[in-house]
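**Q** Okay, handing you the structure first.
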Amino acid sequence: METLNWGILGTGLIAHEMAAALQAVNGEIYAVCGTSMEKAESFARECGVQKAYGSADEMLQDECVDIVYIATPHNSHYEWMLKSLKAGKHVFCEKSVTVNSRQLEECAKLAQQKGLVICDGTTLLHMPLYKKLKQMITDGVIGDVKMIQVNFGSCKEYDVKNRFFSKELAGGALLDIGVYAASFARYFMKSRPDTVLTTANYFETGVDETSGILLKNPDGEMAVIALTMRAKQPKRGVIAGEKGFIEINDYPRAQKASITFTADGHTEVIEEGTSASALQYEVQDMQDYVRNGNGAENLQMVRDVMQTLTSVRSQWGMVYPFE
């Protein structure tokens, strides 16, 4: 099978992690672009990349690039995704894929017109464990889903200059860690939530620091999400049904879950995949979408999540300066 050529846009920590995953899956990486040629060349040497670019526009003009991986800050995702699609490239973008639904819908429309794939880096959407659990729920193992609970708390160091607290860079808990929580909830719901209730507390820079989000869909399924940026919480998700509940700890890259059955209280452990291979699963899924044209379901999931996040922020009345 012919290798798909990836071009990496960005040279930060997550770009290094993705480079390792690309090498593990494909055995090669075609191109990288940094904010300077020096950074790009350094990354290329370190990660075994064939070509280095100091200009993103120049990399996008390279006809050999099939997929652009966007690993830049949130506020620039939309710009580079749009440019990549216009250049005829498939796009794998780090979460949050955009900062609002308007941006994502514009990109999704263009991708459809050009027959291109958009996928985002919310790892749990690509983990083998989740695919197995979803099939088990479909098969009725825990009965009808009634309630989903999701926690994610990250205690970021106090630093008003850090991107996590920068409104100009789309900081805050919602787009950094809330994407995982909202994706978890949506993944196990039959349909997109049409009721969204929320409240938040804000950091001194104006970004969301803590929030509570309540979701309900037309099927009567509910989800409760708790997010914190200055207080640690367990990364814990629970899917509760009539016959039992599924509990997943460290859920963004989980490889293990437990099912507790209501009737007698016994517990079963389900294991599938490995957390260490999380980004490799992303690469494999993306390449499958490109080769076989079957990425529509994933993109719809991502669009549903972004609609929820956009609704949440709309209720808060929080607008980023660049929007």
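Residues in the structure tokens are numbered from 1 in each chain, the chains being A, B, ... in the order shown, and ligands are numbered from 1 in the order shown.
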List the neighbours of Ser277 of chain A out to 12 Å using only C-alpha atoms; skip same-chain residues closer than 6 positions along the sequence, and give me the result as a PDB file with N, CA and C atoms, in the first residue's frame.

**A**
```pdb
ATOM      1  N   GLU A  17       5.408  14.240  19.377  1.00  0.00           N
ATOM      2  CA  GLU A  17       4.712  12.988  19.679  1.00  0.00           C
ATOM      3  C   GLU A  17       4.077  12.395  18.426  1.00  0.00           C
ATOM      4  N   MET A  18       3.495  13.249  17.597  1.00  0.00           N
ATOM      5  CA  MET A  18       2.882  12.757  16.360  1.00  0.00           C
ATOM      6  C   MET A  18       3.942  12.255  15.393  1.00  0.00           C
ATOM      7  N   ALA A  20       6.675  10.740  16.162  1.00  0.00           N
ATOM      8  CA  ALA A  20       7.019   9.391  16.604  1.00  0.00           C
ATOM      9  C   ALA A  20       5.959   8.391  16.160  1.00  0.00           C
ATOM     10  N   ALA A  21       4.691   8.793  16.235  1.00  0.00           N
ATOM     11  CA  ALA A  21       3.600   7.908  15.803  1.00  0.00           C
ATOM     12  C   ALA A  21       3.650   7.671  14.296  1.00  0.00           C
ATOM     13  N   LEU A  22       3.928   8.714  13.533  1.00  0.00           N
ATOM     14  CA  LEU A  22       4.025   8.573  12.076  1.00  0.00           C
ATOM     15  C   LEU A  22       5.171   7.651  11.690  1.00  0.00           C
ATOM     16  N   ALA A  24       6.326   5.251  13.520  1.00  0.00           N
ATOM     17  CA  ALA A  24       5.948   3.897  13.931  1.00  0.00           C
ATOM     18  C   ALA A  24       4.991   3.248  12.934  1.00  0.00           C
ATOM     19  N   VAL A  25       4.079   4.045  12.377  1.00  0.00           N
ATOM     20  CA  VAL A  25       3.072   3.498  11.455  1.00  0.00           C
ATOM     21  C   VAL A  25       3.599   3.413  10.025  1.00  0.00           C
ATOM     22  N   THR A 123      -8.114  12.004  20.955  1.00  0.00           N
ATOM     23  CA  THR A 123      -7.623  10.621  20.915  1.00  0.00           C
ATOM     24  C   THR A 123      -8.698   9.583  21.180  1.00  0.00           C
ATOM     25  N   LEU A 124      -9.612   9.863  22.114  1.00  0.00           N
ATOM     26  CA  LEU A 124     -10.580   8.823  22.490  1.00  0.00           C
ATOM     27  C   LEU A 124     -11.458   8.391  21.322  1.00  0.00           C
ATOM     28  N   HIS A 126     -10.515   7.558  18.590  1.00  0.00           N
ATOM     29  CA  HIS A 126      -9.764   6.601  17.773  1.00  0.00           C
ATOM     30  C   HIS A 126      -9.247   5.406  18.563  1.00  0.00           C
ATOM     31  N   MET A 127      -9.532   5.373  19.855  1.00  0.00           N
ATOM     32  CA  MET A 127      -9.024   4.277  20.686  1.00  0.00           C
ATOM     33  C   MET A 127      -9.829   2.997  20.469  1.00  0.00           C
ATOM     34  N   PRO A 128      -9.166   1.865  20.306  1.00  0.00           N
ATOM     35  CA  PRO A 128      -9.874   0.585  20.111  1.00  0.00           C
ATOM     36  C   PRO A 128     -10.851   0.258  21.239  1.00  0.00           C
ATOM     37  N   LEU A 129     -10.519   0.647  22.479  1.00  0.00           N
ATOM     38  CA  LEU A 129     -11.409   0.371  23.608  1.00  0.00           C
ATOM     39  C   LEU A 129     -12.781   0.995  23.390  1.00  0.00           C
ATOM     40  N   ARG A 253      -7.023   8.508  26.706  1.00  0.00           N
ATOM     41  CA  ARG A 253      -6.241   7.498  25.981  1.00  0.00           C
ATOM     42  C   ARG A 253      -6.421   6.122  26.639  1.00  0.00           C
ATOM     43  N   ALA A 254      -7.614   5.835  27.091  1.00  0.00           N
ATOM     44  CA  ALA A 254      -7.856   4.648  27.908  1.00  0.00           C
ATOM     45  C   ALA A 254      -7.679   3.339  27.139  1.00  0.00           C
ATOM     46  N   GLN A 255      -7.188   2.342  27.863  1.00  0.00           N
ATOM     47  CA  GLN A 255      -7.078   0.989  27.310  1.00  0.00           C
ATOM     48  C   GLN A 255      -7.877  -0.019  28.139  1.00  0.00           C
ATOM     49  N   VAL A 283      -3.320   8.092  13.493  1.00  0.00           N
ATOM     50  CA  VAL A 283      -2.709   8.034  12.157  1.00  0.00           C
ATOM     51  C   VAL A 283      -3.381   6.961  11.314  1.00  0.00           C
ATOM     52  N   GLN A 284      -3.580   5.798  11.885  1.00  0.00           N
ATOM     53  CA  GLN A 284      -4.193   4.687  11.150  1.00  0.00           C
ATOM     54  C   GLN A 284      -5.611   5.022  10.712  1.00  0.00           C
TER      55      GLN A 284
END
```

**Q** Could you pull out the strand (DSSP E) residues of segment 103-201 of chain A from DSSP and send them as a PyMOL selection string?

**A** chain A and resi 118-120+145-155+195-201

**Q** Applying 10 Å and only C-alpha atoms, which residues near Asn249 of chain A remain after dropping the ones on its own chain fewer than 6 positions away? List them as a PyMOL selection string.

**A** chain A and resi 151+234-238+255-258

**Q** For Val290 of chain A, which of A:Glu28, A:Glu106, A:Asp66, A:Asp176 is the closest residue, counting only C-alpha atoms?

**A**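 With only C-alpha atoms as the atom set, the closest residue is A:Asp66.
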
**Q** Give the answer as one residue: which of A:Phe188, A:Gln315, A:Gln307, A:Ala278 has the shortest atom-to-atom distance to Lys132 of chain A, using only C-alpha atoms?

**A** A:Phe188
